[in-house]
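**Q** Enclosed is the structure file my_file00.tsv (TSV, C-alpha atoms and all ligand atoms).
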```tsv
chain	number	residue	atom	x	y	z
A	1	MET	CA	2.89	2.78	-26.33
A	2	LYS	CA	-0.55	4.35	-26.52
A	3	TYR	CA	-2.00	5.54	-23.19
A	4	VAL	CA	1.44	5.30	-21.54
A	5	ASP	CA	3.94	7.36	-23.56
A	6	GLU	CA	1.78	10.47	-23.41
A	7	PHE	CA	2.00	10.33	-19.61
A	8	ARG	CA	5.82	10.14	-19.68
A	9	ASP	CA	6.54	12.87	-22.22
A	10	LYS	CA	9.66	14.90	-21.35
A	11	LYS	CA	8.52	18.13	-23.00
A	12	ILE	CA	5.21	18.11	-21.17
A	13	ALA	CA	7.03	17.27	-17.93
A	14	LYS	CA	9.21	20.38	-18.34
A	15	LYS	CA	6.14	22.54	-18.96
A	16	LEU	CA	4.42	21.12	-15.89
A	17	ALA	CA	7.57	21.67	-13.82
A	18	ALA	CA	7.52	25.34	-14.84
A	19	GLU	CA	3.83	25.57	-13.90
A	20	ILE	CA	4.52	24.01	-10.49
A	21	ALA	CA	7.37	26.45	-9.88
A	22	ALA	CA	5.07	29.35	-10.80
A	23	GLU	CA	2.20	28.15	-8.57
A	24	ALA	CA	4.30	27.28	-5.50
A	25	GLN	CA	4.55	30.38	-3.32
A	26	PRO	CA	8.17	30.89	-2.17
A	27	ASP	CA	7.20	31.69	1.43
A	28	ARG	CA	5.32	28.39	1.91
A	29	GLN	CA	6.28	24.75	2.30
A	30	TYR	CA	4.15	22.11	0.58
A	31	ASN	CA	4.32	18.68	2.22
A	32	LEU	CA	2.41	16.23	0.09
A	33	MET	CA	1.89	12.64	1.18
A	34	GLU	CA	1.64	9.98	-1.47
A	35	PHE	CA	-0.34	7.21	0.17
A	36	CYS	CA	0.46	4.63	-2.53
A	37	GLY	CA	3.78	2.95	-3.15
A	38	GLY	CA	2.96	3.20	-6.86
A	39	HIS	CA	3.28	6.98	-6.61
A	40	THR	CA	6.53	6.69	-4.63
A	41	HIS	CA	8.03	4.54	-7.37
A	42	ALA	CA	6.83	6.84	-10.17
A	43	ILE	CA	8.45	9.79	-8.35
A	44	PHE	CA	11.83	8.05	-8.02
A	45	ARG	CA	11.86	6.11	-11.25
A	46	TYR	CA	11.24	9.21	-13.37
A	47	GLY	CA	13.10	11.70	-11.20
A	48	VAL	CA	9.94	13.74	-10.50
A	49	GLN	CA	11.44	14.96	-7.24
A	50	ASP	CA	14.24	16.70	-9.16
A	51	LEU	CA	11.67	18.69	-11.14
A	52	MET	CA	10.12	20.16	-7.99
A	53	PRO	CA	10.99	23.48	-6.39
A	54	ASP	CA	12.80	23.18	-3.04
A	55	ASN	CA	9.65	23.94	-1.07
A	56	VAL	CA	7.60	21.04	-2.49
A	57	HIS	CA	8.27	17.88	-0.48
A	58	PHE	CA	7.06	14.33	-0.97
A	59	VAL	CA	6.15	12.47	2.21
A	60	HIS	CA	5.95	8.71	1.71
A	61	GLY	CA	2.97	6.99	3.29
A	62	PRO	CA	1.90	3.45	4.14
A	63	GLY	CA	0.49	2.59	0.72
A	64	CYS	CA	2.06	-0.78	0.11
A	65	PRO	CA	-0.07	-3.71	1.29
A	66	VAL	CA	2.93	-5.98	1.69
A	67	CYS	CA	4.78	-3.38	3.77
A	68	VAL	CA	1.94	-2.76	6.21
A	69	LEU	CA	1.21	-6.38	7.06
A	70	PRO	CA	2.53	-6.96	10.60
A	71	ILE	CA	4.92	-9.82	11.36
A	72	PRO	CA	2.40	-11.86	13.43
A	73	ARG	CA	0.21	-12.35	10.33
A	74	ILE	CA	3.19	-13.66	8.33
A	75	ASP	CA	4.07	-15.93	11.26
A	76	ASN	CA	0.49	-17.25	11.10
A	77	ALA	CA	0.80	-17.98	7.37
A	78	ILE	CA	4.01	-19.96	8.04
A	79	GLU	CA	2.22	-21.74	10.87
A	80	LEU	CA	-0.55	-22.81	8.48
A	81	ALA	CA	2.05	-24.30	6.15
A	82	GLU	CA	3.75	-26.04	9.08
A	83	GLN	CA	0.39	-27.59	9.95
A	84	GLY	CA	0.50	-29.28	6.55
A	85	ALA	CA	-1.51	-26.92	4.33
A	86	ILE	CA	-0.37	-25.76	0.91
A	87	VAL	CA	-0.12	-21.98	1.36
A	88	CYS	CA	-0.46	-19.88	-1.79
A	89	THR	CA	0.33	-16.18	-2.01
A	90	TYR	CA	1.52	-13.38	-4.28
A	91	GLY	CA	5.27	-13.16	-5.04
A	92	ASP	CA	6.11	-10.03	-3.02
A	93	MET	CA	4.96	-11.70	0.18
A	94	MET	CA	7.44	-14.57	-0.08
A	95	ARG	CA	10.53	-12.65	1.07
A	96	VAL	CA	9.06	-10.39	3.75
A	97	PRO	CA	10.83	-11.09	7.03
A	98	ALA	CA	8.77	-12.84	9.70
A	99	SER	CA	9.81	-13.57	13.30
A	100	LYS	CA	13.20	-15.09	14.08
A	101	ARG	CA	14.65	-14.21	10.66
A	102	ASN	CA	12.14	-16.54	9.03
A	103	SER	CA	10.07	-15.81	5.89
A	104	LEU	CA	7.73	-17.74	3.64
A	105	ILE	CA	10.56	-18.48	1.23
A	106	LYS	CA	12.81	-19.77	4.02
A	107	ALA	CA	9.96	-21.91	5.36
A	108	LYS	CA	9.53	-23.27	1.82
A	109	ALA	CA	13.24	-24.09	1.67
A	110	ASP	CA	12.82	-25.89	5.00
A	111	GLY	CA	10.18	-28.15	3.45
A	112	SER	CA	6.84	-26.38	3.85
A	113	ASP	CA	4.62	-26.38	0.77
A	114	ILE	CA	4.36	-22.66	0.01
A	115	ARG	CA	3.62	-21.62	-3.54
A	116	MET	CA	3.74	-18.30	-5.35
A	117	VAL	CA	0.61	-17.62	-7.42
A	118	TYR	CA	-0.36	-14.87	-9.84
A	119	SER	CA	-4.07	-14.96	-9.12
A	120	THR	CA	-6.74	-16.43	-6.89
A	121	GLN	CA	-7.66	-18.68	-9.81
A	122	ASP	CA	-4.19	-20.29	-9.55
A	123	ALA	CA	-4.90	-21.05	-5.89
A	124	LEU	CA	-8.28	-22.60	-6.76
A	125	LYS	CA	-6.56	-24.73	-9.42
A	126	ILE	CA	-4.04	-25.99	-6.84
A	127	ALA	CA	-6.96	-26.90	-4.54
A	128	HIS	CA	-8.61	-28.87	-7.35
A	129	GLU	CA	-5.35	-30.67	-8.14
A	130	ASN	CA	-4.70	-31.59	-4.49
A	131	PRO	CA	-8.01	-32.85	-3.11
A	132	ASP	CA	-6.31	-34.65	-0.21
A	133	LYS	CA	-4.54	-31.45	1.00
A	134	GLU	CA	-5.80	-28.25	2.58
A	135	VAL	CA	-5.02	-25.26	0.36
A	136	VAL	CA	-4.92	-21.82	1.99
A	137	PHE	CA	-4.79	-18.62	-0.04
A	138	PHE	CA	-2.87	-16.01	1.97
A	139	ALA	CA	-4.86	-12.99	0.78
A	140	ILE	CA	-3.29	-9.55	1.11
A	141	GLY	CA	-3.95	-6.21	-0.49
A	142	PHE	CA	-5.96	-3.04	-0.48
A	143	GLU	CA	-9.40	-2.63	-2.03
A	144	THR	CA	-8.01	-3.40	-5.51
A	145	THR	CA	-7.24	-7.06	-4.82
A	146	THR	CA	-10.28	-7.77	-2.66
A	147	PRO	CA	-12.81	-8.45	-5.47
A	148	PRO	CA	-10.79	-11.38	-6.94
A	149	THR	CA	-10.60	-12.93	-3.45
A	150	ALA	CA	-14.39	-12.55	-3.13
A	151	VAL	CA	-14.81	-14.25	-6.52
A	152	ALA	CA	-12.58	-17.15	-5.42
A	153	ILE	CA	-14.57	-17.69	-2.21
A	154	LYS	CA	-17.88	-17.58	-4.07
A	155	GLN	CA	-16.54	-19.95	-6.71
A	156	ALA	CA	-15.23	-22.38	-4.08
A	157	ALA	CA	-18.65	-22.28	-2.37
A	158	ALA	CA	-20.48	-22.90	-5.66
A	159	GLU	CA	-18.18	-25.81	-6.50
A	160	GLY	CA	-18.27	-27.27	-2.98
A	161	LEU	CA	-14.47	-27.07	-2.89
A	162	GLU	CA	-14.00	-28.12	0.72
A	163	ASN	CA	-10.19	-28.10	0.86
A	164	PHE	CA	-9.89	-24.37	-0.03
A	165	THR	CA	-9.73	-21.58	2.52
A	166	VAL	CA	-8.61	-17.94	2.61
A	167	PHE	CA	-6.40	-16.34	5.27
A	168	CYS	CA	-7.84	-12.88	4.85
A	169	ASN	CA	-5.61	-9.82	5.30
A	170	HIS	CA	-7.37	-7.32	3.08
A	171	VAL	CA	-7.05	-3.76	4.39
A	172	LEU	CA	-8.83	-0.49	3.68
A	173	THR	CA	-7.20	2.79	2.72
A	174	PRO	CA	-9.61	5.51	3.98
A	175	ALA	CA	-9.40	4.20	7.56
A	176	ALA	CA	-5.58	4.24	7.41
A	177	ILE	CA	-5.43	7.80	6.05
A	178	GLN	CA	-7.80	8.94	8.79
A	179	HIS	CA	-5.65	7.17	11.38
A	180	ILE	CA	-2.52	8.98	10.14
A	181	LEU	CA	-4.30	12.34	10.29
A	182	GLN	CA	-5.46	11.62	13.87
A	183	SER	CA	-2.03	10.45	15.05
A	184	PRO	CA	-0.20	12.54	17.67
A	185	GLU	CA	2.75	12.80	15.26
A	186	VAL	CA	0.57	14.79	12.88
A	187	ARG	CA	-1.82	16.56	15.24
A	188	GLU	CA	0.25	17.43	18.28
A	189	LEU	CA	3.95	16.77	17.87
A	190	GLY	CA	4.37	18.23	14.41
A	191	GLN	CA	6.77	15.40	13.47
A	192	VAL	CA	4.91	14.81	10.25
A	193	ARG	CA	3.62	17.78	8.35
A	194	ILE	CA	1.01	16.91	5.73
A	195	ASP	CA	-0.59	19.67	3.66
A	196	GLY	CA	-2.29	17.42	1.11
A	197	PHE	CA	-2.63	13.88	-0.21
A	198	TYR	CA	-2.18	12.15	-3.50
A	199	GLY	CA	-5.17	9.79	-3.28
A	200	PRO	CA	-4.75	6.15	-4.30
A	201	SER	CA	-5.41	5.45	-7.96
A	202	HIS	CA	-6.07	1.73	-8.42
A	203	VAL	CA	-7.88	1.55	-5.09
A	204	SER	CA	-10.09	4.47	-6.11
A	205	SER	CA	-11.04	2.71	-9.34
A	206	ILE	CA	-12.88	0.27	-7.05
A	207	ILE	CA	-14.16	2.45	-4.19
A	208	GLY	CA	-14.43	5.73	-6.14
A	209	SER	CA	-13.29	9.16	-5.02
A	210	ALA	CA	-16.28	9.87	-2.75
A	211	PRO	CA	-14.95	7.98	0.35
A	212	TYR	CA	-12.22	10.61	0.73
A	213	ASP	CA	-14.72	13.51	0.99
A	214	TYR	CA	-15.10	12.99	4.72
A	215	PHE	CA	-11.52	13.55	5.78
A	216	ALA	CA	-10.78	16.24	3.21
A	217	GLU	CA	-13.51	18.24	4.94
A	218	GLU	CA	-13.04	17.02	8.52
A	219	PHE	CA	-9.23	17.35	8.60
A	220	GLN	CA	-9.07	20.20	6.11
A	221	LYS	CA	-6.61	18.46	3.81
A	222	PRO	CA	-6.92	18.55	0.04
A	223	VAL	CA	-6.88	15.22	-1.76
A	224	VAL	CA	-6.18	14.65	-5.44
A	225	ILE	CA	-6.72	11.15	-6.83
A	226	ALA	CA	-3.61	10.69	-8.95
A	227	GLY	CA	-2.65	8.17	-11.62
A	228	PHE	CA	0.64	6.27	-11.40
A	229	GLU	CA	2.46	7.85	-14.35
A	230	PRO	CA	4.94	10.71	-13.78
A	231	LEU	CA	2.81	13.31	-15.55
A	232	ASP	CA	-0.18	12.22	-13.47
A	233	VAL	CA	1.83	12.94	-10.32
A	234	MET	CA	2.96	16.33	-11.69
A	235	ARG	CA	-0.55	17.40	-12.72
A	236	SER	CA	-1.85	16.30	-9.33
A	237	THR	CA	0.88	18.34	-7.67
A	238	ILE	CA	-0.37	21.48	-9.42
A	239	MET	CA	-3.93	20.68	-8.33
A	240	LEU	CA	-2.82	20.18	-4.71
A	241	ILE	CA	-0.72	23.36	-4.65
A	242	ARG	CA	-3.65	25.37	-6.03
A	243	GLN	CA	-6.00	24.01	-3.37
A	244	ILE	CA	-3.47	24.79	-0.62
A	245	ASN	CA	-2.93	28.32	-1.95
A	246	GLU	CA	-6.67	28.92	-2.13
A	247	ALA	CA	-7.36	27.27	1.27
A	248	ARG	CA	-9.68	24.75	-0.37
A	249	PHE	CA	-10.01	21.25	1.09
A	250	GLU	CA	-11.67	19.17	-1.55
A	251	VAL	CA	-11.33	15.83	-3.27
A	252	GLU	CA	-10.32	16.35	-6.87
A	253	ASN	CA	-9.76	13.67	-9.43
A	254	GLU	CA	-6.80	13.83	-11.80
A	255	TYR	CA	-7.19	10.17	-12.78
A	256	THR	CA	-10.51	10.67	-14.56
A	257	ARG	CA	-9.60	8.15	-17.26
A	258	VAL	CA	-10.19	5.41	-14.68
A	259	VAL	CA	-11.75	6.75	-11.47
A	260	THR	CA	-15.33	7.95	-10.98
A	261	PRO	CA	-16.88	9.35	-7.77
A	262	GLU	CA	-18.90	6.19	-7.19
A	263	GLY	CA	-16.26	3.64	-8.29
A	264	ASN	CA	-16.99	0.13	-9.49
A	265	GLU	CA	-20.34	-0.63	-7.91
A	266	LYS	CA	-20.43	-4.24	-9.11
A	267	ALA	CA	-17.08	-4.95	-7.45
A	268	GLN	CA	-18.26	-3.21	-4.26
A	269	GLU	CA	-21.42	-5.39	-4.16
A	270	LEU	CA	-19.34	-8.50	-4.64
A	271	VAL	CA	-17.03	-7.53	-1.79
A	272	SER	CA	-19.89	-6.74	0.59
A	273	GLU	CA	-21.52	-10.08	-0.22
A	274	VAL	CA	-18.48	-12.00	1.04
A	275	PHE	CA	-16.71	-9.70	3.52
A	276	GLU	CA	-17.53	-7.51	6.50
A	277	LEU	CA	-15.53	-5.00	8.54
A	278	ARG	CA	-13.17	-6.15	11.25
A	279	ARG	CA	-13.52	-4.12	14.42
A	280	MET	CA	-9.74	-3.81	14.71
A	281	PHE	CA	-6.71	-4.78	12.65
A	282	GLU	CA	-3.01	-4.28	13.30
A	283	TRP	CA	-0.96	-2.45	10.64
A	284	ARG	CA	2.81	-2.45	10.67
A	285	GLY	CA	3.82	1.03	11.72
A	286	LEU	CA	0.32	2.27	12.49
A	287	GLY	CA	-0.63	-0.22	15.23
A	288	ASP	CA	-4.27	-1.16	15.76
A	289	VAL	CA	-6.51	0.73	13.35
A	290	PRO	CA	-10.27	0.46	13.92
A	291	TYR	CA	-12.44	-0.73	11.04
A	292	SER	CA	-9.49	-0.82	8.68
A	293	ALA	CA	-9.69	-4.40	7.40
A	294	LEU	CA	-12.10	-7.03	6.21
A	295	LYS	CA	-13.02	-10.48	7.46
A	296	ILE	CA	-15.01	-13.25	5.81
A	297	LYS	CA	-18.73	-13.23	6.60
A	298	GLU	CA	-20.24	-16.02	8.70
A	299	GLU	CA	-22.11	-17.32	5.67
A	300	PHE	CA	-18.75	-18.22	4.08
A	301	SER	CA	-16.97	-19.22	7.32
A	302	GLY	CA	-16.18	-22.68	5.92
A	303	PHE	CA	-13.68	-20.88	3.67
A	304	ASP	CA	-12.14	-18.84	6.46
A	305	ALA	CA	-8.70	-20.20	7.43
A	306	GLU	CA	-8.85	-18.32	10.75
A	307	LYS	CA	-12.00	-20.26	11.70
A	308	ARG	CA	-10.88	-23.59	10.33
A	309	PHE	CA	-7.35	-23.86	11.73
A	310	PRO	CA	-5.87	-23.13	15.15
A	311	LEU	CA	-3.54	-20.13	14.97
A	312	SER	CA	-1.31	-18.94	17.79
A	313	GLU	CA	-0.93	-15.35	18.89
A	314	SER	CA	2.50	-14.39	17.61
A	315	LYS	CA	4.26	-11.48	19.26
A	316	GLY	CA	6.84	-11.20	16.46
A	317	LYS	CA	8.67	-7.88	16.21
A	318	ASP	CA	10.55	-6.05	13.47
A	319	VAL	CA	14.31	-6.62	13.18
A	320	LYS	CA	16.20	-4.43	15.67
A	321	GLY	CA	17.13	-1.16	13.98
A	322	CYS	CA	14.61	-1.49	11.13
A	323	GLU	CA	12.75	1.81	10.74
A	324	CYS	CA	9.90	0.47	8.59
A	325	PRO	CA	7.21	1.44	11.14
A	326	ALA	CA	8.41	5.08	11.26
A	327	ILE	CA	8.83	5.19	7.46
A	328	LEU	CA	5.29	3.91	6.96
A	329	ARG	CA	3.98	6.72	9.16
A	330	GLY	CA	5.95	9.31	7.19
A	331	VAL	CA	8.10	10.17	10.25
A	332	LYS	CA	11.38	8.96	8.73
A	333	LYS	CA	12.93	8.43	5.31
A	334	PRO	CA	14.64	5.18	4.25
A	335	THR	CA	18.04	6.87	4.46
A	336	ASP	CA	17.39	7.61	8.15
A	337	CYS	CA	17.68	3.86	8.78
A	338	LYS	CA	21.18	2.76	9.81
A	339	LEU	CA	20.68	-0.60	8.11
A	340	PHE	CA	19.78	0.92	4.73
A	341	GLY	CA	22.20	-0.16	2.03
A	342	THR	CA	24.58	-1.79	4.52
A	343	VAL	CA	22.91	-4.73	6.21
A	344	CYS	CA	19.63	-4.25	4.36
A	345	THR	CA	19.43	-4.41	0.57
A	346	PRO	CA	16.86	-5.93	-1.81
A	347	ASP	CA	19.03	-9.10	-1.88
A	348	ASN	CA	19.03	-9.29	1.89
A	349	PRO	CA	15.94	-7.40	3.12
A	350	MET	CA	15.60	-6.79	6.84
A	351	GLY	CA	12.17	-5.18	6.62
A	352	SER	CA	9.10	-5.19	4.44
A	353	CYS	CA	9.82	-1.76	2.86
A	354	MET	CA	12.92	-3.17	1.14
A	355	VAL	CA	11.14	-6.24	-0.24
A	356	SER	CA	8.06	-5.06	-1.97
A	357	SER	CA	8.20	-3.48	-5.40
A	358	GLU	CA	6.08	-0.69	-3.86
A	359	GLY	CA	8.14	-0.18	-0.71
A	360	SER	CA	9.89	3.14	-0.03
A	361	CYS	CA	13.26	1.58	0.84
A	362	ALA	CA	13.19	-0.47	-2.36
A	363	ALA	CA	12.38	2.72	-4.33
A	364	TYR	CA	15.28	4.65	-2.74
A	365	TRP	CA	17.64	1.77	-3.45
A	366	SER	CA	16.49	0.81	-6.94
A	367	TYR	CA	16.63	4.30	-8.41
A	368	GLY	CA	19.76	5.44	-6.56
A	369	ARG	CA	17.99	8.31	-4.78
A	370	PHE	CA	19.98	7.70	-1.61
A	371	ARG	CA	23.23	8.63	-3.41
A	372	LEU	CA	21.87	12.09	-4.25
A	373	ASP	CA	20.53	12.60	-0.73
A	374	ARG	CA	23.86	11.58	0.81
A	375	ALA	CA	25.82	13.81	-1.56
A	376	LYS	CA	23.51	16.71	-0.66
A	377	GLU	CA	23.92	16.03	3.07
A	378	ALA	CA	27.71	15.87	2.70
A	379	ALA	CA	27.74	19.20	0.85
A	380	GLU	CA	25.68	20.94	3.57
A	401	LIG	S1	16.32	-0.09	5.08
A	401	LIG	FE1	15.69	-2.15	5.61
A	401	LIG	S2	15.89	-2.26	7.81
A	401	LIG	FE2	15.89	-0.09	7.25
A	401	LIG	S3	13.76	0.54	7.35
A	401	LIG	FE3	14.11	-0.08	5.25
A	401	LIG	S4	13.50	-2.23	5.23
A	401	LIG	FE4	13.76	-1.69	7.40
```
Please render this file's structure as structure tokens.
Ligand code: SF4

**A**
Amino acid sequence: MKYVDEFRDKKIAKKLAAEIAAEAQPDRQYNLMEFCGGHTHAIFRYGVQDLMPDNVHFVHGPGCPVCVLPIPRIDNAIELAEQGAIVCTYGDMMRVPASKRNSLIKAKADGSDIRMVYSTQDALKIAHENPDKEVVFFAIGFETTTPPTAVAIKQAAAEGLENFTVFCNHVLTPAAIQHILQSPEVRELGQVRIDGFYGPSHVSSIIGSAPYDYFAEEFQKPVVIAGFEPLDVMRSTIMLIRQINEARFEVENEYTRVVTPEGNEKAQELVSEVFELRRMFEWRGLGDVPYSALKIKEEFSGFDAEKRFPLSESKGKDVKGCECPAILRGVKKPTDCKLFGTVCTPDNPMGSCMVSSEGSCAAYWSYGRFRLDRAKEAAE
């Protein structure tokens, strides 16, 4: 397939692996955090990890929007459905555990009208088809999925679609990366060592590469915006290793076929027309992160589910023993969780990281990585 096969070519991968081995200095460790779940899956699906020298380590970050949504927000979405609204959301969200072993899919089985949609346009269509019902779009995602939500709100406003609202949970990546770099686990305790970042790819196609300049300089960490194909990850690894070796802390862009420094300015304008920054938002694993999420502007408050419906303050917690919060901070690996592969599997997920197609636990399980890790541990 054009534009895909050339980024999965075995021969080129071998060449790049040799280049990485030559660039990586044997007396150094390279701990590289991939913020996005898309990178995590590319690494495991194509066995990129096995092509790395022993001193190049991947640290998995919080880059899956389904994984980072805290339980109270899912409880609120279920509450909206229990109040009688039709709640629409993307497929991954349906099976993420909420409080008391509930989830959107279980609430649906219990009679709530919760529907999986592929786009915001599907949600608008459902609102048109059900004029006597309230229809709430449970919006989640990083900067990539925010523009379509903005379009839906503007469209609903233009059409005077009064039974449509959005429960907004859109979050922002630069604030989360900064939060990780400022965390005690990174700065003081040394529990997470991060020498460089693979910058988000799809997100950066919207916001550009420039927003990462600040923390590359401030925290002295190189960033390489990397595409989601295995050769993208390998080329980005070379770029990161070179920066680390040369003590450079810059934002470089490997994904030039899509990402520009300024990003998609039209999409950015659209988003800022409809949304504004929240002062604080809770992330699963990271806790409260200042200015890391968006809310609907007052001008469009009629389409804001949080303004239109009463929502209780849920104190829902993760399942006992689930290590998702520590995994999302890069402190632990999925195989450090006692429930991994025993109680918790993709068929019976106990935490968000096992549900989402971008979650680290799902990646370890789906591509059998855990078997290799366990065999290695047993041999040591
Ligand atoms: S394996 Fe399951 S329970 Fe353990 S951290 Fe992952 S999602 Fe949570």

**Q** Take every atom of ligand LIG 401 (chain A) listed in the file, pad by 3 Å on each side, and give me the axis-aligned box centre and edge lengths in Å, one decimal, as AutoDock Vina command-line options.

**A**
```
--center_x 14.9 --center_y -0.9 --center_z 6.4 --size_x 8.8 --size_y 8.8 --size_z 8.7
```

**Q** Which is closest to Phe303 of chain A among A:Val136, A:Ile241, A:Cys353, A:Met280, if we use only C-alpha atoms?

**A**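 Residue with the minimum atom-to-atom distance to Phe303 of chain A: A:Val136.
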
**Q** Calculated over only C-alpha atoms, which of the candidates A:Gly196, A:Pro147, A:Gly84, A:Gly38 has the smallest distance to Ala216 of chain A?

**A**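 That would be A:Gly196, the residue with the smallest distance to Ala216 of chain A.
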
**Q** Pick the closest to Val4 of chain A from A:Leu231, A:Val319, A:Leu286, A:Ile105: which is it, counting all atoms listed in the file?

**A** A:Leu231

**Q** So which residues are near ligand LIG 401 (chain A), meaning at most 6 Å away with all atoms listed in the file counted, given back as a VMD selection string?

**A** chain A and resid 322 to 324 334 337 339 to 340 344 349 to 354 361

**Q** Provide the atom CA of Thr165 of chain A to atom CA of Glu82 of chain A distance in Å, to one decimal place.

**A**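 These two atoms are separated by 15.6 Å.
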
**Q** Quick one: residues within 10 Å of segment 148-161 of chain A, all atoms listed in the file counted, chain neighbours fewer than 4 positions away excluded, as an NGL selection string?

**A** :A and (119-124 or 127-128 or 131 or 137-141 or 144 or 165-166 or 168 or 170 or 267 or 270-275 or 296 or 300-304)

**Q** Can those selected residues be exported to a file as a PDB file, in the frame of the given file so that it contains C-alpha atoms?

**A**
```pdb
ATOM      1  CA  SER A 119      -4.070 -14.960  -9.120  1.00  0.00           C
ATOM      2  CA  THR A 120      -6.740 -16.430  -6.890  1.00  0.00           C
ATOM      3  CA  GLN A 121      -7.660 -18.680  -9.810  1.00  0.00           C
ATOM      4  CA  ASP A 122      -4.190 -20.290  -9.550  1.00  0.00           C
ATOM      5  CA  ALA A 123      -4.900 -21.050  -5.890  1.00  0.00           C
ATOM      6  CA  LEU A 124      -8.280 -22.600  -6.760  1.00  0.00           C
ATOM      7  CA  ALA A 127      -6.960 -26.900  -4.540  1.00  0.00           C
ATOM      8  CA  HIS A 128      -8.610 -28.870  -7.350  1.00  0.00           C
ATOM      9  CA  PRO A 131      -8.010 -32.850  -3.110  1.00  0.00           C
ATOM     10  CA  PHE A 137      -4.790 -18.620  -0.040  1.00  0.00           C
ATOM     11  CA  PHE A 138      -2.870 -16.010   1.970  1.00  0.00           C
ATOM     12  CA  ALA A 139      -4.860 -12.990   0.780  1.00  0.00           C
ATOM     13  CA  ILE A 140      -3.290  -9.550   1.110  1.00  0.00           C
ATOM     14  CA  GLY A 141      -3.950  -6.210  -0.490  1.00  0.00           C
ATOM     15  CA  THR A 144      -8.010  -3.400  -5.510  1.00  0.00           C
ATOM     16  CA  THR A 165      -9.730 -21.580   2.520  1.00  0.00           C
ATOM     17  CA  VAL A 166      -8.610 -17.940   2.610  1.00  0.00           C
ATOM     18  CA  CYS A 168      -7.840 -12.880   4.850  1.00  0.00           C
ATOM     19  CA  HIS A 170      -7.370  -7.320   3.080  1.00  0.00           C
ATOM     20  CA  ALA A 267     -17.080  -4.950  -7.450  1.00  0.00           C
ATOM     21  CA  LEU A 270     -19.340  -8.500  -4.640  1.00  0.00           C
ATOM     22  CA  VAL A 271     -17.030  -7.530  -1.790  1.00  0.00           C
ATOM     23  CA  SER A 272     -19.890  -6.740   0.590  1.00  0.00           C
ATOM     24  CA  GLU A 273     -21.520 -10.080  -0.220  1.00  0.00           C
ATOM     25  CA  VAL A 274     -18.480 -12.000   1.040  1.00  0.00           C
ATOM     26  CA  PHE A 275     -16.710  -9.700   3.520  1.00  0.00           C
ATOM     27  CA  ILE A 296     -15.010 -13.250   5.810  1.00  0.00           C
ATOM     28  CA  PHE A 300     -18.750 -18.220   4.080  1.00  0.00           C
ATOM     29  CA  SER A 301     -16.970 -19.220   7.320  1.00  0.00           C
ATOM     30  CA  GLY A 302     -16.180 -22.680   5.920  1.00  0.00           C
ATOM     31  CA  PHE A 303     -13.680 -20.880   3.670  1.00  0.00           C
ATOM     32  CA  ASP A 304     -12.140 -18.840   6.460  1.00  0.00           C
TER      33      ASP A 304
END
```

**Q** Quick one: pull the distance between atom CA of Arg279 of chain A and atom CA of Ser360 of chain A, Å, one decimal.

**A**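 For atom CA of Arg279 of chain A relative to atom CA of Ser360 of chain A, the distance reads 28.5 Å.
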
**Q** Find the distance between atom CA of Phe197 of chain A and atom CA of Asn31 of chain A and write it in Å to one decimal.

**A**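 Separation of atom CA of Phe197 of chain A and atom CA of Asn31 of chain A: 8.8 Å.
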
**Q** Could you tell me which of A:Ile78, A:Ala326, A:Pro290, A:Pro261 comes closest to Asp110 of chain A if we count all atoms listed in the file?

**A** A:Ile78

**Q** Neighbours of Lys10 of chain A within 10 Å (only C-alpha atoms; same-chain residues fewer than 5 positions away dropped), as a PyMOL selection string?

**A** chain A and resi 5+15-16+46+230-231

**Q** Save out the residues we just selected, C-alpha atoms, as a compact mmCIF listing (two decimals), keeping the file's coordinate frame.

**A**
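The result, stored in selection_33.txt:
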```txt
# COMPACT_ATOMS: atom_id res chain seq x y z
CA ASP A 5 3.94 7.36 -23.56
CA LYS A 15 6.14 22.54 -18.96
CA LEU A 16 4.42 21.12 -15.89
CA TYR A 46 11.24 9.21 -13.37
CA PRO A 230 4.94 10.71 -13.78
CA LEU A 231 2.81 13.31 -15.55
```

**Q** Could you list as a list in words every residue that has an atom within 10 Å of (-12.3, 3.5, -2.5), using the file's coordinates and counting only C-alpha atoms?

**A**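 Every polymer residue passing the test: Phe142, Glu143, Thr144, Leu172, Thr173, Pro174, Gly199, Pro200, Ser201, His202, Val203, Ser204, Ser205, Ile206, Ile207, Gly208, Ser209, Ala210, Pro211, Tyr212, Val259, Pro261, Glu262, Gly263, Asn264 and Gln268 of chain A.
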
**Q** Using all atoms listed in the file, which of the listed residues (A:Met234, A:Ile327, A:Ala24, A:Val224) sits closest to Glu246 of chain A?

**A** A:Ala24

**Q** Name the residues in contact with Met93 of chain A at a cut-off of 8 Å, using only C-alpha atoms, excluding same-chain residues fewer than 3 positions from it; report them as a list in words.

**A**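 Using only C-alpha atoms, the neighbours found are Val66, Thr89, Tyr90, Val96, Leu104 and Ser356 of chain A.
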
**Q** Would you list the residues near (-13.5, 11.9, 5.0), meaning any protein, DNA or RNA residue with an atom at most 10 Å from that point in file coordinates, counting only C-alpha atoms, as an MDAnalysis selection string?

**A** chainID A and resid 174:175 177:178 210:221 250:251

**Q** Find, counting all atoms listed in the file, the residue in A:Ile71, A:Leu277, A:His57, A:Ala362 that gets nearest to Asn348 of chain A.

**A**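 Residue with the minimum atom-to-atom distance to Asn348 of chain A: A:Ala362.
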